[in-house]
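Asker: Take a look at the following structure, please.
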Amino acid sequence: MPRRVPGIRAALALALTAPLALTVPFALGAPASAVGRYTVTALKFTVPAGGRDCTVDADLYRPAGVDLAHPAPAVMATNGFGGSKADGSTDSIGKAFAQRGYVGLVYSGLGFGASGCLVSLDDPGIDGRAASGLIDFLAGTRAAADGTRADFVTLDAKGDPRVGMIGGSYGGAIQLATAAVDHRVDALVPMITWNDLAYSLDPNNAVGQGSRDMPGAFKRQWTNAFYLVGETQPLTAPGLDPTRINSLSCVHFVSRACAMIRTLNSGSYPPAATADLLAYARGVSPVSYLKRVKAPTLLVQGQADTLFNLNEATATYRTLTAQGTTAKMIWQSWGHSGGTTHPAAGELDLNKGTLESSYVGRRILSWFGRYLLGRTGTDTGPAFAYYRDWITRPADTYATTNQLPALSRKFYLSGDGRLVDDRRKVTTGSRGYTDRLVPTSHSESPLSTAIGLPDPGPYDTAGTFADWTTASLTRTTDVVGAPRATIEVDSPKARRAQNSGDAADNLVLFAKLYDVAPDGTQTLVHRLVAPVRVPDVTKSFTVTLPGIVHRYGKGHRLRFVIAASDDAYTGNRGIKPVTVAGSPQDTGVLELPVVTG
């Protein structure tokens, strides 16, 4: 299993940026100078963004021999949250692609590094418009502050440069935001990024029955860490650009982003505040503007990622392909929760220059080769590929297919705690639990080592969860995708509270799948859980768990758990005991996307 990121500093700096990192042997901000087969020039731009002008700090990477008579396509990139163009991840993109003949333009996102204006969460109307202004530069229609112009980028038409974008996390969503407002973008490679910030920061994995308009369980550790990183940005930048300061109550973010964080931290979800929270979070997220994205998109998402899980990329992929936008998807091993600093053997690691020698790297090169270099005969690979950590030979770790695996295996929740493969095997009975005033289950703690503490393994406290377990498996079972469970719970206290007018009173629970080894050791795959705020406890509801790629070995058992709490999230308001009943005629169902071969 990939190594977890060691600490909040790594999680918030390295995890968002280190996946794309190469050391570049030059001094940023120095005059243009030759560096191997390319030159690097530090540039400043003033671009319109969201009704105001913003300063953008960038570096231009120009391959040797690229000029007006010999133009080349361009690759743009920006930093992960809290970073800048100086990050190893960001400047390495310029170096890596300049070495391969592309013009590189890497820049500090708005509110970061030496760029001006407020942090606006990759809002297409602000961050996307700012990036569009940089595309004007690549088109030769806008000059940098020092008068520099680009007349050496391949043009598809006057004012229309051949340009692609690549980057991870915050530097991933900006690509979709830019393509939504500027159709001059020709190819995208968003990595480990989000589809819907409402789901990312306040996830509700319930499906149907009005759950889309129901807030979830606040992912408080991840979210507040990012908020603090954002709000302290001005303290780390000498000679503050006044456009980077909002007010004393919301220093560095746009006001609606701060209002969203305040609502999430309040522990209360009154209707008006909830509607605004969901509207804002989704309004700045790809889920709201993907219909305007036409650029061919190669989505790369991490299996080890509790911040932006595989369901996010899957949702983006399905939307793009349904509307006819060319899109393919890869599930790699590393993400925000592990493997970023030390990728597994054979995985993409730009620290070691593994574009040609890694599966994901080769896919990226073929993507840009086809859509930026115009090599129309280039094979860009299958529709879907996924990393298998149980394969030891690096050359064989990826499996490929032209469609996402379907839900194909059913198990039924028996009243005696068994998870059975035939409804007729269900025993009538019930399982129950009650929560406490403090969290009693643990999946992860992104902040643990920030205060010098190790992150303990996942656990559930007796009496505060209900579980169902299969018999020992008679053969290996490979689960690839998002499991789904349909259950019905009884909770009189939750039933009485859910009509209070404050959604915070609705029942919260956490669904998850463990792998139980023959010796009884259990593993929560990549520490992933499915928070649920139940829309209506008088009705059954369906839960989509986070996607996984995992082999349950022969002799192992699957264990399905619903827990009362999780200390990485804000859970129930008040104690709400829960009972789950089962009988052959009426019981819960767990469905798994199982693949063979």
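The way I read the labels, and the way they are meant: chains A, B, ... in the order of the structure tokens, residue 1 as the first residue of every chain, and ligand 1 as the first ligand shown, with later ones counted on from there.
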Quick one: everything within 9 Å of A:Ala49, counting only C-alpha atoms, minus sequence neighbours fewer than 3 positions away in the same chain. Send it as a ChimeraX atom specification.

Answerer: /A:52-54,117,125-131,133

Asker: Tell me which protein, DNA and RNA residues are within 7 Å of stretch 361-369 of chain A, counting only C-alpha atoms, leaving out same-chain ones fewer than 6 positions away, and put them as an MDAnalysis selection string.

Answerer: chainID A and resid 187 348 354:355 375 378:381

Asker: Dump all heavy atoms for the selected residues as a CSV table (one decimal), in the first residue's frame?

Answerer:
```
chain,number,residue,atom,x,y,z
A,187,ALA,N,-6.1,20.8,-25.0
A,187,ALA,CA,-6.0,19.5,-24.3
A,187,ALA,C,-5.8,19.8,-22.8
A,187,ALA,O,-5.1,20.7,-22.4
A,187,ALA,CB,-4.8,18.7,-24.9
A,348,LEU,N,4.3,7.3,-12.1
A,348,LEU,CA,4.7,8.6,-12.5
A,348,LEU,C,5.5,9.3,-11.4
A,348,LEU,O,4.9,9.5,-10.3
A,348,LEU,CB,3.6,9.4,-13.0
A,348,LEU,CG,3.9,10.9,-13.4
A,348,LEU,CD1,4.8,10.9,-14.6
A,348,LEU,CD2,2.6,11.7,-13.7
A,354,THR,N,10.2,10.5,-15.0
A,354,THR,CA,9.6,9.2,-15.5
A,354,THR,C,8.5,9.3,-16.5
A,354,THR,O,7.6,8.5,-16.5
A,354,THR,CB,9.2,8.3,-14.3
A,354,THR,OG1,8.2,9.0,-13.6
A,354,THR,CG2,10.4,8.0,-13.4
A,355,LEU,N,8.5,10.4,-17.3
A,355,LEU,CA,7.4,10.5,-18.3
A,355,LEU,C,7.4,9.3,-19.3
A,355,LEU,O,6.4,8.6,-19.5
A,355,LEU,CB,7.5,11.8,-19.1
A,355,LEU,CG,6.9,13.0,-18.4
A,355,LEU,CD1,7.3,14.3,-19.2
A,355,LEU,CD2,5.4,12.9,-18.3
A,375,ARG,N,-0.4,14.9,-34.0
A,375,ARG,CA,-0.1,13.5,-34.5
A,375,ARG,C,-1.4,12.7,-34.4
A,375,ARG,O,-1.6,12.0,-33.4
A,375,ARG,CB,1.0,12.9,-33.7
A,375,ARG,CG,2.3,13.7,-33.8
A,375,ARG,CD,3.4,13.2,-32.8
A,375,ARG,NE,4.6,13.9,-33.0
A,375,ARG,CZ,5.6,13.8,-32.1
A,375,ARG,NH1,5.5,13.1,-31.0
A,375,ARG,NH2,6.7,14.5,-32.3
A,378,THR,N,-1.7,9.0,-33.3
A,378,THR,CA,-1.3,8.6,-32.0
A,378,THR,C,-2.4,7.9,-31.2
A,378,THR,O,-3.5,8.4,-31.1
A,378,THR,CB,-0.8,9.8,-31.2
A,378,THR,OG1,0.3,10.4,-31.9
A,378,THR,CG2,-0.3,9.3,-29.8
A,379,ASP,N,-2.1,6.7,-30.7
A,379,ASP,CA,-3.0,6.0,-29.9
A,379,ASP,C,-2.9,6.6,-28.4
A,379,ASP,O,-1.9,6.5,-27.8
A,379,ASP,CB,-2.6,4.5,-29.8
A,379,ASP,CG,-3.6,3.7,-29.0
A,379,ASP,OD1,-4.6,4.2,-28.5
A,379,ASP,OD2,-3.3,2.5,-28.8
A,380,THR,N,-4.0,7.1,-28.0
A,380,THR,CA,-4.1,7.7,-26.6
A,380,THR,C,-4.5,6.8,-25.6
A,380,THR,O,-4.7,7.1,-24.4
A,380,THR,CB,-5.0,9.0,-26.6
A,380,THR,OG1,-6.3,8.6,-27.0
A,380,THR,CG2,-4.5,10.0,-27.6
A,381,GLY,N,-4.6,5.5,-25.9
A,381,GLY,CA,-4.9,4.5,-24.9
A,381,GLY,C,-6.4,4.2,-24.7
A,381,GLY,O,-7.2,4.8,-25.3
```

Asker: Within 12 Å of stretch 172-185 of chain A, which residues of stretch 303-359 of chain A come that close, and what is the closest atom pair and distance in Å for each? Count only C-alpha atoms and give it as a Markdown table.

Answerer:
```
| residue | atom | partner | partner_atom | distance |
| --- | --- | --- | --- | --- |
| A:Phe308 | CA | A:Ala173 | CA | 11.3 |
| A:Glu312 | CA | A:Ala173 | CA | 11.3 |
| A:Ala313 | CA | A:Ala173 | CA | 10.9 |
| A:Thr316 | CA | A:Leu176 | CA | 10.0 |
| A:Tyr317 | CA | A:Leu176 | CA | 12.0 |
| A:Leu320 | CA | A:Leu176 | CA | 10.9 |
| A:Thr325 | CA | A:Ala179 | CA | 11.8 |
```

Asker: Write to file, as a PDB file, in the first residue's frame, the residues of the selection just made, with C-alpha atoms.

Answerer:
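Written out: out-v7.pdb:
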```
ATOM      1  CA  PHE A 308     -10.698  14.126  -3.641  1.00  0.00           C
ATOM      2  CA  GLU A 312     -14.927  12.874  -8.175  1.00  0.00           C
ATOM      3  CA  ALA A 313     -13.052  11.966 -11.359  1.00  0.00           C
ATOM      4  CA  THR A 316     -16.411  14.366 -14.290  1.00  0.00           C
ATOM      5  CA  TYR A 317     -15.629  11.558 -16.727  1.00  0.00           C
ATOM      6  CA  LEU A 320     -17.820  14.767 -20.270  1.00  0.00           C
ATOM      7  CA  THR A 325     -16.377  15.659 -24.997  1.00  0.00           C
TER       8      THR A 325
END
```

Asker: Env of stretch 101-113 of chain A: 6 Å cut, atoms = only C-alpha atoms, seq-sep filter 5 positions within chain, self excluded. Answer as a count of residues only.

Answerer: 20

Asker: When DSSP works through the backbone of this structure, what residues of stretch 408-582 of chain A end up as alpha helix (DSSP H), shown as a short mmCIF file (atom, residue, chain, number, x, y, z; two decimals) with C-alpha atoms, in the first residue's frame?

Answerer:
```
data_model
loop_
_atom_site.label_atom_id
_atom_site.label_comp_id
_atom_site.auth_asym_id
_atom_site.auth_seq_id
_atom_site.Cartn_x
_atom_site.Cartn_y
_atom_site.Cartn_z
CA PRO A 492 -36.81 7.41 16.94
CA LYS A 493 -34.71 10.35 18.17
CA ALA A 494 -33.50 11.10 14.66
CA ARG A 495 -37.05 10.79 13.34
CA ARG A 496 -38.30 13.40 15.80
CA ALA A 497 -35.34 15.73 15.24
#
```

Asker: Under the rule that only C-alpha atoms are counted, which of A:Leu298, A:Val254, A:Ala98, A:Leu197 is the nearest residue to A:Ala383?

Answerer: A:Leu298

Asker: Could you pull the residues within 6 Å of A:Pro190, counting only C-alpha atoms, minus those fewer than 2 positions along the same chain, as a list in words?

Answerer: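 Once the nearby chain positions are removed, what remains is Ile166, Gly167, Gly172 and Leu299 of chain A.
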
Asker: Give me, as number ranges by chain, all polymer residues having an atom no more than 9 Å from stretch 472-484 of chain A, counting only C-alpha atoms and skipping those fewer than 5 positions away in the same chain.

Answerer: A: 310-311, 386, 404-407, 513, 518, 542-558, 589-596

Asker: In terms of the shortest atom-to-atom distance over only C-alpha atoms, which of A:Asn572, A:Ala504, A:Tyr459, A:Arg423 is closest to A:Asp586?

Answerer: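 Closest to A:Asp586 of all the choices is A:Arg423.
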
Asker: For A:Arg220, please output as a list in words all residues within 12 Å (counting only C-alpha atoms; exclusion window: fewer than 5 positions along the same chain).

Answerer: Ser200, Leu201, Asp202, Pro203, Ala225, Phe226, Tyr227, Leu228, Ile261, Arg262, Thr263, Leu264, Asn265, Ser266, Gly267, Leu307, Glu444, Ser445, Pro446, Leu447, Asp566, Asp567, Ala568, Tyr569, Thr570 and Gly571 of chain A

Asker: How close does stretch 461-489 of chain A get to stretch 429-439 of chain A? List, as a Markdown table, each residue of stretch 461-489 of chain A within 10 Å, its nearest atom pair and the distance in Å to one decimal, counting only C-alpha atoms.

Answerer:
```
| residue | atom | partner | partner_atom | distance |
| --- | --- | --- | --- | --- |
| A:Thr461 | CA | A:Pro439 | CA | 9.2 |
| A:Ala462 | CA | A:Tyr433 | CA | 8.6 |
| A:Gly463 | CA | A:Tyr433 | CA | 5.3 |
| A:Thr464 | CA | A:Tyr433 | CA | 4.8 |
| A:Phe465 | CA | A:Tyr433 | CA | 5.2 |
| A:Ala466 | CA | A:Gly432 | CA | 5.9 |
| A:Asp467 | CA | A:Arg431 | CA | 7.7 |
| A:Trp468 | CA | A:Arg431 | CA | 9.0 |
| A:Val489 | CA | A:Gly432 | CA | 9.2 |
```

Asker: Enumerate the residues of stretch 127-355 of chain A with a DSSP assignment of strand (DSSP E or B), computed from the backbone, and present them as a PyMOL selection string.

Answerer: chain A and resi 153+155-157+160-161+163-168+185-191+206-207+253+297-302+327-332+335+338

Asker: What's the separation between atom CA of A:Leu278 and atom CA of A:Val207, in Å to one decimal place?

Answerer: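 So the answer is 16.0 Å.
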
Asker: Grab the atom CA of A:Tyr514 to atom CA of A:Gly339 distance for me, in Å with one decimal place.

Answerer: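 One can read the atom CA of A:Tyr514 to atom CA of A:Gly339 distance as 21.0 Å.
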
Asker: Can you pull out every residue within 12 Å of A:Asn402, counting only C-alpha atoms, but drop anything in the same chain fewer than 5 positions away, and send it as a ChimeraX atom specification?

Answerer: /A:327-330,381-386

Asker: Go ahead and dump the residues you just picked, all heavy atoms, as a PDB file, in the first residue's frame.

Answerer:
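That gives us result-v8.pdb:
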```
ATOM      1  N   ALA A 327     -12.853  12.196 -23.565  1.00  0.00           N
ATOM      2  CA  ALA A 327     -12.309  12.058 -22.214  1.00  0.00           C
ATOM      3  C   ALA A 327     -11.905  10.613 -21.963  1.00  0.00           C
ATOM      4  O   ALA A 327     -12.570   9.677 -22.418  1.00  0.00           O
ATOM      5  CB  ALA A 327     -13.324  12.503 -21.175  1.00  0.00           C
ATOM      6  N   LYS A 328     -10.807  10.460 -21.238  1.00  0.00           N
ATOM      7  CA  LYS A 328     -10.364   9.159 -20.763  1.00  0.00           C
ATOM      8  C   LYS A 328      -9.913   9.321 -19.316  1.00  0.00           C
ATOM      9  O   LYS A 328      -9.686  10.448 -18.856  1.00  0.00           O
ATOM     10  CB  LYS A 328      -9.238   8.605 -21.644  1.00  0.00           C
ATOM     11  CG  LYS A 328      -9.721   8.309 -23.066  1.00  0.00           C
ATOM     12  CD  LYS A 328      -8.658   7.688 -23.951  1.00  0.00           C
ATOM     13  CE  LYS A 328      -9.239   7.391 -25.327  1.00  0.00           C
ATOM     14  NZ  LYS A 328      -8.239   6.749 -26.234  1.00  0.00           N
ATOM     15  N   MET A 329      -9.816   8.200 -18.596  1.00  0.00           N
ATOM     16  CA  MET A 329      -9.555   8.290 -17.159  1.00  0.00           C
ATOM     17  C   MET A 329      -8.569   7.219 -16.721  1.00  0.00           C
ATOM     18  O   MET A 329      -8.663   6.070 -17.138  1.00  0.00           O
ATOM     19  CB  MET A 329     -10.862   8.168 -16.378  1.00  0.00           C
ATOM     20  CG  MET A 329     -10.712   8.279 -14.875  1.00  0.00           C
ATOM     21  SD  MET A 329     -12.303   8.478 -14.016  1.00  0.00           S
ATOM     22  CE  MET A 329     -13.126   6.927 -14.447  1.00  0.00           C
ATOM     23  N   ILE A 330      -7.647   7.637 -15.836  1.00  0.00           N
ATOM     24  CA  ILE A 330      -6.681   6.723 -15.219  1.00  0.00           C
ATOM     25  C   ILE A 330      -6.788   6.857 -13.707  1.00  0.00           C
ATOM     26  O   ILE A 330      -6.797   7.971 -13.177  1.00  0.00           O
ATOM     27  CB  ILE A 330      -5.242   7.061 -15.652  1.00  0.00           C
ATOM     28  CG1 ILE A 330      -5.095   6.991 -17.175  1.00  0.00           C
ATOM     29  CG2 ILE A 330      -4.243   6.121 -14.984  1.00  0.00           C
ATOM     30  CD1 ILE A 330      -3.756   7.517 -17.678  1.00  0.00           C
ATOM     31  N   GLY A 381      -4.627   5.477 -25.901  1.00  0.00           N
ATOM     32  CA  GLY A 381      -4.896   4.466 -24.892  1.00  0.00           C
ATOM     33  C   GLY A 381      -6.367   4.195 -24.670  1.00  0.00           C
ATOM     34  O   GLY A 381      -7.239   4.828 -25.272  1.00  0.00           O
ATOM     35  N   PRO A 382      -6.663   3.252 -23.790  1.00  0.00           N
ATOM     36  CA  PRO A 382      -8.049   2.854 -23.537  1.00  0.00           C
ATOM     37  C   PRO A 382      -8.817   3.913 -22.755  1.00  0.00           C
ATOM     38  O   PRO A 382      -8.242   4.853 -22.210  1.00  0.00           O
ATOM     39  CB  PRO A 382      -7.897   1.580 -22.712  1.00  0.00           C
ATOM     40  CG  PRO A 382      -6.597   1.778 -22.003  1.00  0.00           C
ATOM     41  CD  PRO A 382      -5.710   2.507 -22.962  1.00  0.00           C
ATOM     42  N   ALA A 383     -10.114   3.733 -22.698  1.00  0.00           N
ATOM     43  CA  ALA A 383     -10.973   4.694 -21.996  1.00  0.00           C
ATOM     44  C   ALA A 383     -10.677   4.731 -20.506  1.00  0.00           C
ATOM     45  O   ALA A 383     -10.753   5.792 -19.879  1.00  0.00           O
ATOM     46  CB  ALA A 383     -12.445   4.353 -22.227  1.00  0.00           C
ATOM     47  N   PHE A 384     -10.309   3.592 -19.926  1.00  0.00           N
ATOM     48  CA  PHE A 384     -10.156   3.513 -18.472  1.00  0.00           C
ATOM     49  C   PHE A 384      -8.996   2.590 -18.129  1.00  0.00           C
ATOM     50  O   PHE A 384      -8.849   1.508 -18.707  1.00  0.00           O
ATOM     51  CB  PHE A 384     -11.453   3.000 -17.849  1.00  0.00           C
ATOM     52  CG  PHE A 384     -11.402   2.778 -16.361  1.00  0.00           C
ATOM     53  CD1 PHE A 384     -10.956   3.766 -15.503  1.00  0.00           C
ATOM     54  CD2 PHE A 384     -11.821   1.573 -15.811  1.00  0.00           C
ATOM     55  CE1 PHE A 384     -10.904   3.570 -14.133  1.00  0.00           C
ATOM     56  CE2 PHE A 384     -11.789   1.363 -14.437  1.00  0.00           C
ATOM     57  CZ  PHE A 384     -11.329   2.366 -13.601  1.00  0.00           C
ATOM     58  N   ALA A 385      -8.167   3.046 -17.195  1.00  0.00           N
ATOM     59  CA  ALA A 385      -7.069   2.225 -16.695  1.00  0.00           C
ATOM     60  C   ALA A 385      -6.988   2.387 -15.188  1.00  0.00           C
ATOM     61  O   ALA A 385      -7.287   3.458 -14.653  1.00  0.00           O
ATOM     62  CB  ALA A 385      -5.749   2.642 -17.344  1.00  0.00           C
ATOM     63  N   TYR A 386      -6.571   1.327 -14.496  1.00  0.00           N
ATOM     64  CA  TYR A 386      -6.472   1.401 -13.042  1.00  0.00           C
ATOM     65  C   TYR A 386      -5.273   0.610 -12.542  1.00  0.00           C
ATOM     66  O   TYR A 386      -4.877  -0.405 -13.105  1.00  0.00           O
ATOM     67  CB  TYR A 386      -7.757   0.907 -12.370  1.00  0.00           C
ATOM     68  CG  TYR A 386      -8.185  -0.497 -12.731  1.00  0.00           C
ATOM     69  CD1 TYR A 386      -7.813  -1.592 -11.957  1.00  0.00           C
ATOM     70  CD2 TYR A 386      -9.008  -0.734 -13.844  1.00  0.00           C
ATOM     71  CE1 TYR A 386      -8.222  -2.873 -12.276  1.00  0.00           C
ATOM     72  CE2 TYR A 386      -9.416  -2.008 -14.178  1.00  0.00           C
ATOM     73  CZ  TYR A 386      -9.025  -3.080 -13.400  1.00  0.00           C
ATOM     74  OH  TYR A 386      -9.418  -4.355 -13.726  1.00  0.00           O
TER      75      TYR A 386
END
```
